[in-house]
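Shown next: run_35.cif, given as mmCIF, C-alpha atoms.
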data_data
#
loop_
_atom_site.group_PDB
_atom_site.id
_atom_site.type_symbol
_atom_site.label_atom_id
_atom_site.label_comp_id
_atom_site.auth_asym_id
_atom_site.auth_seq_id
_atom_site.Cartn_x
_atom_site.Cartn_y
_atom_site.Cartn_z
ATOM 1 C CA LYS M 1 101.347 101.607 130.150
ATOM 2 C CA ALA M 2 98.324 99.805 128.715
ATOM 3 C CA ILE M 3 99.241 100.967 125.193
ATOM 4 C CA GLU M 4 102.824 99.730 125.691
ATOM 5 C CA LYS M 5 101.571 96.371 126.980
ATOM 6 C CA ILE M 6 99.237 95.890 124.004
ATOM 7 C CA GLY M 7 102.179 96.787 121.727
ATOM 8 C CA LYS M 8 104.316 94.078 123.343
ATOM 9 C CA ASP M 9 101.469 91.530 123.074
ATOM 10 C CA ARG M 10 100.865 92.241 119.356
ATOM 11 C CA GLU M 11 102.690 89.186 118.061
ATOM 12 C CA SER M 12 100.849 86.759 120.370
ATOM 13 C CA LEU M 13 97.373 87.977 119.346
ATOM 14 C CA THR M 14 95.314 85.777 117.028
ATOM 15 C CA PHE M 15 94.483 88.776 114.821
ATOM 16 C CA GLY M 16 96.417 91.728 113.398
ATOM 17 C CA ILE M 17 96.266 95.214 114.955
ATOM 18 C CA ASP M 18 97.949 98.490 114.020
ATOM 19 C CA GLY M 19 97.136 100.578 117.093
ATOM 20 C CA ALA M 20 95.225 101.005 120.351
ATOM 21 C CA VAL M 21 92.346 103.279 121.348
ATOM 22 C CA VAL M 22 91.867 104.880 124.786
ATOM 23 C CA LYS M 23 88.272 105.804 125.683
ATOM 24 C CA VAL M 24 86.565 107.478 128.625
ATOM 25 C CA ASN M 25 84.482 104.625 130.100
ATOM 26 C CA ASN M 26 81.748 106.786 131.635
ATOM 27 C CA LEU M 27 78.742 107.478 129.410
ATOM 28 C CA GLU M 28 77.743 110.591 131.372
ATOM 29 C CA LEU M 29 81.223 112.073 130.974
ATOM 30 C CA ARG M 30 81.228 111.234 127.276
ATOM 31 C CA GLU M 31 78.070 113.338 126.867
ATOM 32 C CA LYS M 32 79.721 116.286 128.633
ATOM 33 C CA ILE M 33 83.025 115.997 126.743
ATOM 34 C CA GLY M 34 81.149 115.848 123.426
ATOM 35 C CA THR M 35 82.469 115.461 119.878
ATOM 36 C CA THR M 36 83.981 117.612 117.147
ATOM 37 C CA TYR M 37 82.339 117.719 113.688
ATOM 38 C CA LYS M 38 83.920 114.357 112.817
ATOM 39 C CA THR M 39 85.368 112.656 115.910
ATOM 40 C CA PRO M 40 84.613 112.058 119.595
ATOM 41 C CA LYS M 41 86.662 114.101 122.091
ATOM 42 C CA TRP M 42 86.385 111.257 124.629
ATOM 43 C CA ALA M 43 88.494 108.784 122.589
ATOM 44 C CA VAL M 44 92.022 108.952 121.192
ATOM 45 C CA ALA M 45 93.846 106.504 118.876
ATOM 46 C CA TYR M 46 97.519 105.575 119.033
ATOM 47 C CA LYS M 47 99.239 104.077 115.979
ATOM 48 C CA TYR M 48 102.124 101.655 116.536
ATOM 49 C CA PRO M 49 105.256 101.995 114.397
ATOM 50 C CA PRO M 50 105.397 99.278 111.689
ATOM 51 C CA GLU M 51 107.003 95.999 112.751
ATOM 52 C CA LYS M 52 110.470 95.588 111.189
ATOM 53 C CA LYS M 53 112.201 92.267 110.411
ATOM 54 C CA GLU M 54 115.523 91.206 108.927
ATOM 55 C CA THR M 55 115.731 88.947 105.859
ATOM 56 C CA ARG M 56 117.936 88.273 102.809
ATOM 57 C CA VAL M 57 117.492 89.221 99.132
ATOM 58 C CA LYS M 58 117.847 85.879 97.307
ATOM 59 C CA ASP M 59 117.294 87.322 93.844
ATOM 60 C CA ILE M 60 115.866 90.267 91.898
ATOM 61 C CA ILE M 61 113.537 89.501 88.990
ATOM 62 C CA CYS M 62 111.499 91.743 86.675
ATOM 63 C CA GLN M 63 107.768 91.677 85.988
ATOM 64 C CA VAL M 64 106.030 93.322 83.035
ATOM 65 C CA GLY M 65 102.713 95.058 83.700
ATOM 66 C CA ARG M 66 99.814 95.600 81.320
ATOM 67 C CA THR M 67 101.117 99.030 80.301
ATOM 68 C CA GLY M 68 104.576 97.616 79.551
ATOM 69 C CA ALA M 69 106.116 98.978 82.771
ATOM 70 C CA ILE M 70 108.981 96.711 83.855
ATOM 71 C CA THR M 71 109.067 96.479 87.659
ATOM 72 C CA PRO M 72 111.925 94.897 89.635
ATOM 73 C CA MET M 73 110.868 92.502 92.403
ATOM 74 C CA ALA M 74 113.002 91.260 95.312
ATOM 75 C CA ILE M 75 112.735 87.526 96.113
ATOM 76 C CA LEU M 76 113.315 87.181 99.861
ATOM 77 C CA ASP M 77 113.984 84.476 102.422
ATOM 78 C CA THR M 78 110.464 84.073 103.830
ATOM 79 C CA VAL M 79 109.893 86.052 107.033
ATOM 80 C CA ASN M 80 106.773 86.701 109.126
ATOM 81 C CA VAL M 81 105.970 90.421 109.399
ATOM 82 C CA ALA M 82 102.850 91.695 111.172
ATOM 83 C CA GLY M 83 101.061 88.367 110.775
ATOM 84 C CA SER M 84 101.957 87.631 107.131
ATOM 85 C CA ASN M 85 104.648 85.465 105.556
ATOM 86 C CA ILE M 86 106.585 87.744 103.195
ATOM 87 C CA SER M 87 108.689 86.153 100.426
ATOM 88 C CA LYS M 88 108.819 88.973 97.864
ATOM 89 C CA THR M 89 108.381 92.731 97.587
ATOM 90 C CA THR M 90 108.397 95.342 94.836
ATOM 91 C CA LEU M 91 111.524 97.455 94.354
ATOM 92 C CA HIS M 92 109.506 100.046 92.365
ATOM 93 C CA ASN M 93 112.121 101.170 89.816
ATOM 94 C CA GLU M 94 115.820 101.546 88.967
ATOM 95 C CA ASP M 95 116.217 104.734 91.042
ATOM 96 C CA PHE M 96 114.838 103.070 94.200
ATOM 97 C CA ILE M 97 117.392 100.232 93.922
ATOM 98 C CA LYS M 98 120.273 102.677 93.387
ATOM 99 C CA GLU M 99 119.161 105.043 96.155
ATOM 100 C CA LYS M 100 119.029 102.219 98.741
ATOM 101 C CA ASP M 101 121.976 100.371 97.114
ATOM 102 C CA ILE M 102 120.116 97.031 97.175
ATOM 103 C CA ARG M 103 122.148 94.063 95.902
ATOM 104 C CA ILE M 104 121.389 90.376 95.379
ATOM 105 C CA GLY M 105 122.523 88.584 98.566
ATOM 106 C CA ASP M 106 122.075 91.631 100.821
ATOM 107 C CA THR M 107 120.612 91.393 104.323
ATOM 108 C CA VAL M 108 117.765 93.922 104.472
ATOM 109 C CA ILE M 109 115.220 95.253 106.946
ATOM 110 C CA ILE M 110 111.617 95.074 105.788
ATOM 111 C CA GLN M 111 108.341 96.404 107.142
ATOM 112 C CA LYS M 112 104.764 96.621 105.968
ATOM 113 C CA ALA M 113 104.032 100.165 104.773
ATOM 114 C CA GLY M 114 100.824 101.188 106.545
ATOM 115 C CA ASP M 115 100.839 97.640 107.939
ATOM 116 C CA VAL M 116 99.748 96.377 104.505
ATOM 117 C CA ILE M 117 102.376 96.471 101.717
ATOM 118 C CA PRO M 118 105.815 94.977 102.404
ATOM 119 C CA GLU M 119 108.775 97.251 101.614
ATOM 120 C CA ILE M 120 112.542 97.293 102.089
ATOM 121 C CA VAL M 121 113.448 100.039 104.547
ATOM 122 C CA GLU M 122 117.234 99.705 104.502
ATOM 123 C CA VAL M 123 120.189 97.491 103.688
ATOM 124 C CA VAL M 124 122.283 96.144 106.595
ATOM 125 C CA LYS M 125 125.608 96.979 104.946
ATOM 126 C CA SER M 126 127.622 95.739 107.960
ATOM 127 C CA ARG M 127 126.485 92.189 107.038
ATOM 128 C CA ARG M 128 127.950 92.308 103.520
ATOM 129 C CA THR M 129 130.479 89.573 102.642
ATOM 130 C CA GLY M 130 131.622 90.903 99.266
ATOM 131 C CA GLU M 131 129.724 88.171 97.397
ATOM 132 C CA GLU M 132 126.670 90.364 96.841
ATOM 133 C CA LYS M 133 125.829 91.144 93.182
ATOM 134 C CA GLN M 134 124.729 94.499 91.818
ATOM 135 C CA PHE M 135 121.511 94.404 89.793
ATOM 136 C CA GLU M 136 121.031 96.058 86.425
ATOM 137 C CA MET M 137 117.668 96.706 84.798
ATOM 138 C CA PRO M 138 117.225 94.772 81.537
ATOM 139 C CA LYS M 139 117.762 96.504 78.179
ATOM 140 C CA THR M 140 115.142 94.253 76.589
ATOM 141 C CA CYS M 141 111.725 93.048 77.784
ATOM 142 C CA PRO M 142 112.014 89.783 79.799
ATOM 143 C CA VAL M 143 108.707 88.589 78.298
ATOM 144 C CA CYS M 144 109.002 89.342 74.566
ATOM 145 C CA GLY M 145 112.564 90.542 73.938
ATOM 146 C CA ALA M 146 111.586 93.962 72.523
ATOM 147 C CA ASN M 147 113.544 97.068 73.502
ATOM 148 C CA ALA M 148 113.066 98.337 77.062
ATOM 149 C CA VAL M 149 113.177 102.138 77.123
ATOM 150 C CA ARG M 150 113.405 104.704 79.905
ATOM 151 C CA GLU M 151 112.262 108.108 78.693
ATOM 152 C CA GLU M 152 113.672 111.379 79.909
ATOM 153 C CA GLY M 153 112.047 112.578 83.129
ATOM 154 C CA GLU M 154 110.509 109.150 83.886
ATOM 155 C CA ALA M 155 111.482 106.625 86.554
ATOM 156 C CA VAL M 156 109.846 103.677 84.774
ATOM 157 C CA ILE M 157 111.440 101.479 82.095
ATOM 158 C CA ARG M 158 108.883 100.230 79.547
ATOM 159 C CA CYS M 159 108.672 97.482 76.965
ATOM 160 C CA ILE M 160 107.803 99.049 73.607
ATOM 161 C CA GLY M 161 106.903 95.757 71.893
ATOM 162 C CA VAL M 162 103.429 96.067 70.400
ATOM 163 C CA GLU M 163 102.894 92.269 70.460
ATOM 164 C CA CYS M 164 104.211 91.672 73.994
ATOM 165 C CA PRO M 165 101.971 89.024 75.656
ATOM 166 C CA ALA M 166 102.137 90.909 78.981
ATOM 167 C CA LYS M 167 100.542 93.938 77.302
ATOM 168 C CA LEU M 168 98.087 91.971 75.163
ATOM 169 C CA TYR M 169 94.832 92.640 77.042
ATOM 170 C CA ARG M 170 95.448 96.390 77.474
ATOM 171 C CA GLY M 171 96.730 96.678 73.883
ATOM 172 C CA ILE M 172 93.641 95.033 72.358
ATOM 173 C CA LEU M 173 91.301 97.045 74.590
ATOM 174 C CA HIS M 174 92.887 100.256 73.274
ATOM 175 C CA PHE M 175 92.969 99.008 69.647
ATOM 176 C CA VAL M 176 89.198 98.362 69.557
ATOM 177 C CA SER M 177 88.184 101.476 71.544
ATOM 178 C CA LYS M 178 85.895 104.219 70.208
ATOM 179 C CA ASP M 179 88.680 106.682 69.271
ATOM 180 C CA ALA M 180 90.710 103.896 67.678
ATOM 181 C CA MET M 181 89.302 101.116 65.435
ATOM 182 C CA ASP M 182 85.871 101.423 67.113
ATOM 183 C CA ILE M 183 84.877 97.727 67.082
ATOM 184 C CA ASN M 184 81.490 97.741 68.779
ATOM 185 C CA GLY M 185 80.761 94.644 70.904
ATOM 186 C CA LEU M 186 84.388 93.800 71.620
ATOM 187 C CA GLY M 187 84.317 94.849 75.289
ATOM 188 C CA ASP M 188 86.711 93.993 78.106
ATOM 189 C CA ALA M 189 84.927 90.807 79.238
ATOM 190 C CA ILE M 190 84.792 89.412 75.666
ATOM 191 C CA ILE M 191 88.466 90.262 75.049
ATOM 192 C CA GLU M 192 89.444 88.529 78.299
ATOM 193 C CA GLU M 193 87.433 85.441 77.342
ATOM 194 C CA LEU M 194 88.999 85.320 73.841
ATOM 195 C CA ILE M 195 92.508 85.534 75.339
ATOM 196 C CA ASN M 196 91.763 82.926 78.044
ATOM 197 C CA ARG M 197 90.454 80.485 75.429
ATOM 198 C CA GLY M 198 93.508 81.032 73.236
ATOM 199 C CA LEU M 199 91.423 82.402 70.364
ATOM 200 C CA ILE M 200 93.520 85.573 70.148
ATOM 201 C CA SER M 201 97.184 85.970 71.064
ATOM 202 C CA ASN M 202 97.864 89.254 69.251
ATOM 203 C CA ILE M 203 95.959 92.206 67.712
ATOM 204 C CA PRO M 204 95.730 90.850 64.117
ATOM 205 C CA ASP M 205 94.057 87.672 65.437
ATOM 206 C CA ILE M 206 90.893 89.795 65.816
ATOM 207 C CA TYR M 207 90.578 89.676 62.015
ATOM 208 C CA SER M 208 90.929 85.871 61.921
ATOM 209 C CA LEU M 209 88.056 85.183 64.333
ATOM 210 C CA THR M 210 85.372 82.934 62.862
ATOM 211 C CA PHE M 211 81.621 82.900 63.409
ATOM 212 C CA GLU M 212 82.009 79.675 65.439
ATOM 213 C CA ASP M 213 84.771 81.179 67.625
ATOM 214 C CA ILE M 214 82.576 84.122 68.639
ATOM 215 C CA ALA M 215 79.305 82.172 68.931
ATOM 216 C CA SER M 216 80.965 79.777 71.398
ATOM 217 C CA LEU M 217 81.458 82.643 73.884
ATOM 218 C CA LYS M 218 77.758 83.060 74.663
ATOM 219 C CA LYS M 219 74.703 80.903 75.101
ATOM 220 C CA ASN M 220 72.592 81.340 71.943
ATOM 221 C CA GLY M 221 75.427 83.551 70.656
ATOM 222 C CA LYS M 222 74.609 83.464 66.912
ATOM 223 C CA LYS M 223 73.183 86.989 66.687
ATOM 224 C CA PHE M 224 76.020 88.368 68.835
ATOM 225 C CA ALA M 225 78.579 86.576 66.624
ATOM 226 C CA GLN M 226 77.145 88.043 63.420
ATOM 227 C CA ASN M 227 76.997 91.573 64.852
ATOM 228 C CA LEU M 228 80.594 91.364 66.086
ATOM 229 C CA LEU M 229 81.872 89.952 62.780
ATOM 230 C CA ASP M 230 80.127 92.840 60.961
ATOM 231 C CA ALA M 231 81.753 95.360 63.341
ATOM 232 C CA ILE M 232 85.199 93.766 62.803
ATOM 233 C CA ASN M 233 84.774 93.941 59.010
ATOM 234 C CA GLU M 234 83.572 97.565 59.214
ATOM 235 C CA SER M 235 86.736 98.484 61.135
ATOM 236 C CA LYS M 236 88.818 97.589 58.052
ATOM 237 C CA GLU M 237 87.506 100.774 56.403
ATOM 238 C CA ARG M 238 88.518 103.142 59.239
ATOM 239 C CA ASP M 239 90.589 106.292 58.597
ATOM 240 C CA LEU M 240 94.385 106.121 58.883
ATOM 241 C CA TYR M 241 94.441 108.370 61.982
ATOM 242 C CA ARG M 242 92.343 105.797 63.865
ATOM 243 C CA LEU M 243 94.874 103.063 63.097
ATOM 244 C CA ILE M 244 97.775 105.307 64.170
ATOM 245 C CA ASN M 245 95.995 106.004 67.466
ATOM 246 C CA ALA M 246 95.024 102.312 67.827
ATOM 247 C CA LEU M 247 98.675 101.194 67.693
ATOM 248 C CA GLY M 248 99.225 102.724 71.149
ATOM 249 C CA ILE M 249 102.428 104.614 70.320
ATOM 250 C CA ARG M 250 103.597 106.378 73.468
ATOM 251 C CA HIS M 251 102.722 110.125 73.502
ATOM 252 C CA VAL M 252 100.468 109.789 70.418
ATOM 253 C CA GLY M 253 96.768 110.473 71.051
ATOM 254 C CA VAL M 254 93.836 111.177 68.710
ATOM 255 C CA LYS M 255 94.724 114.809 67.998
ATOM 256 C CA LEU M 256 98.335 114.088 67.062
ATOM 257 C CA ALA M 257 97.307 110.950 65.119
ATOM 258 C CA LYS M 258 95.041 113.125 62.916
ATOM 259 C CA SER M 259 97.866 115.582 62.296
ATOM 260 C CA ILE M 260 100.337 112.781 61.452
ATOM 261 C CA ALA M 261 97.854 111.042 59.119
ATOM 262 C CA LYS M 262 97.255 114.340 57.285
ATOM 263 C CA LYS M 263 100.999 114.758 56.655
ATOM 264 C CA TYR M 264 102.024 111.175 55.800
ATOM 265 C CA LYS M 265 98.784 109.884 54.200
ATOM 266 C CA THR M 266 99.861 106.190 54.311
ATOM 267 C CA ILE M 267 101.169 103.899 57.033
ATOM 268 C CA ASP M 268 104.221 103.061 54.865
ATOM 269 C CA ALA M 269 105.212 106.722 54.563
ATOM 270 C CA LEU M 270 104.985 107.084 58.341
ATOM 271 C CA MET M 271 106.996 103.902 58.943
ATOM 272 C CA ASN M 272 109.763 105.148 56.626
ATOM 273 C CA ALA M 273 109.908 108.681 58.091
ATOM 274 C CA THR M 274 113.283 109.629 59.558
ATOM 275 C CA PHE M 275 113.704 111.023 63.066
ATOM 276 C CA GLU M 276 114.602 114.427 61.533
ATOM 277 C CA GLU M 277 111.453 114.458 59.377
ATOM 278 C CA LEU M 278 109.266 113.648 62.362
ATOM 279 C CA CYS M 279 110.892 116.493 64.348
ATOM 280 C CA LEU M 280 109.997 118.996 61.604
ATOM 281 C CA LYS M 281 106.309 118.728 62.488
ATOM 282 C CA GLU M 282 105.447 121.681 64.723
ATOM 283 C CA ASP M 283 103.318 119.587 67.127
ATOM 284 C CA VAL M 284 105.927 116.820 67.537
ATOM 285 C CA GLY M 285 108.726 117.348 70.062
ATOM 286 C CA GLU M 286 111.946 115.332 70.184
ATOM 287 C CA ILE M 287 110.673 112.863 72.816
ATOM 288 C CA THR M 288 107.504 112.123 70.801
ATOM 289 C CA ALA M 289 109.446 111.952 67.511
ATOM 290 C CA ASN M 290 111.852 109.453 69.065
ATOM 291 C CA SER M 291 108.937 107.420 70.445
ATOM 292 C CA ILE M 292 107.325 107.202 66.954
ATOM 293 C CA TYR M 293 110.640 106.510 65.208
ATOM 294 C CA GLU M 294 111.672 103.737 67.641
ATOM 295 C CA PHE M 295 108.187 102.175 67.565
ATOM 296 C CA PHE M 296 108.330 101.622 63.808
ATOM 297 C CA ARG M 297 111.876 100.172 64.004
ATOM 298 C CA GLN M 298 110.724 97.246 66.182
ATOM 299 C CA ASP M 299 110.410 93.798 64.560
ATOM 300 C CA GLN M 300 107.116 93.313 66.406
ATOM 301 C CA THR M 301 105.646 96.504 64.877
ATOM 302 C CA ILE M 302 106.773 95.530 61.358
ATOM 303 C CA ASP M 303 105.227 92.072 61.866
ATOM 304 C CA LEU M 304 101.978 93.579 63.218
ATOM 305 C CA ILE M 305 101.588 95.990 60.266
ATOM 306 C CA ALA M 306 102.288 93.174 57.778
ATOM 307 C CA LYS M 307 99.583 91.012 59.379
ATOM 308 C CA LEU M 308 97.081 93.911 59.423
ATOM 309 C CA LYS M 309 97.772 94.594 55.714
ATOM 310 C CA LYS M 310 97.045 90.932 54.977
ATOM 311 C CA SER M 311 93.708 91.250 56.789
#

Show me the file's structure as structure tokens.
Amino acid sequence: KAIEKIGKDRESLTFGIDGAVVKVNNLELREKIGTTYKTPKWAVAYKYPPEKKETRVKDIICQVGRTGAITPMAILDTVNVAGSNISKTTLHNEDFIKEKDIRIGDTVIIQKAGDVIPEIVEVVKSRRTGEEKQFEMPKTCPVCGANAVREEGEAVIRCIGVECPAKLYRGILHFVSKDAMDINGLGDAIIEELINRGLISNIPDIYSLTFEDIASLKKNGKKFAQNLLDAINESKERDLYRLINALGIRHVGVKLAKSIAKKYKTIDALMNATFEELCLKEDVGEITANSIYEFFRQDQTIDLIAKLKKS
């Protein structure tokens, strides 16, 4: 009865709770009852089911993450659930939307998964008016306009644009890493600072950085600036396989990049390779071949390579 009462009083409390604990209130008895290896035998916890509320899906928009994953997001009429005002929630991927048949304008029931993350549990189909709109995932990236691709066996749709601003930080971090162009001194904090100050907005901008640009990042930063400029210039002499790996082509790591560089010898030869030619390599399957082929057909990739050649 006490647990039920606390459950009913949940909404009027000034703090959030997700359960109730019953304890033996006699210290002598607690000693006798004892504990297991991890937990007391004289106390037991009850978890309440998540609080559910009804709201309406006003719109569905897409966000692009740092890896290029395009995630649909439901914009909701604001509703208070378990102490928080909820106005949006992730819809995970295309399959989730289809499985639950979520449409723009639908009345839905939401809860907080584990009392933390809001999620749509179900659609109240009896409330449909016929004016609801079905949602389709975009064929191009909403941020940069490059192709959005869903690979076989994957639930996620990804932007494959190499210059997509949403992927910029992660893309540069990979480009300068040890197995890629190996630019020593260009760590995550420095990259973030360069992006925030507008000093770099794409990968080739690394090669346009001036001594003054870099020195301005640190107090007494002259020595740091010179060392970083030297490291950037040294990276221009790196092997072809490092550049291939640095481009962040899906399914292409260091080992495969070495194998590809050995076969094609120049970036131009690789860019001009047909899908059939790429498939002839024994360590390249159809999915990887398609990933490489499509990557080099993107305007953003062609632009990136042209800028790198210039540098």

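Distances here use all atoms listed in the file; by that measure, the residue among M:Ala113, M:Ala82, M:Leu229, M:Leu27 closest to Thr14 in chain M is M:Ala82.
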
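Using only C-alpha atoms for every distance, the candidate list M:Ile214, M:Leu186, M:Ile109, M:Leu278 yields M:Leu278 as the residue closest to Leu256 in chain M.
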
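Applied to the file shown here, the PyMOL selection byres ((chain M and resi 155) around 7) selects Asn93, Asp95, Gly153, Glu154, Val156 and Ile157 of chain M.
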
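Run against this file, the PyMOL selection byres ((chain M and resi 134) around 12) gives back Val57, Asp59, Ile60, Glu94, Ile97, Lys98, Lys100, Asp101, Ile102, Arg103, Ile104, Gly105, Asp106, Gly130, Glu131, Glu132, Lys133, Phe135, Glu136 and Met137 of chain M.
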
Apply the PyMOL selection byres ((chain M and resi 110) around 7) to the file shown and report the selected residues as an MDAnalysis selection string.
chainID M and resid 52:54 108:109 111 118:121

Counting all atoms listed in the file, which residue out of M:Ile244, M:Ile183, M:Glu11, M:Ser259 sits closest to Asn227 in chain M?
M:Ile183

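For the pair CA of Lys265 in chain M and CA of Tyr241 in chain M, the interatomic distance is 9.0 Å.
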
Excluding same-chain residues fewer than 3 positions from Thr89 in chain M, what lies within 9 Å of it counting all atoms listed in the file, as a list in words?
Pro72, Met73, Ala74, Ile75, Leu76, Ile86, Ile117, Pro118, Glu119 and Ile120 of chain M

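Between CA of Lys263 in chain M and CA of Asp283 in chain M lies a distance of 11.8 Å.
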
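CA of Ile305 in chain M is found 9.3 Å from CA of Asp268 in chain M.
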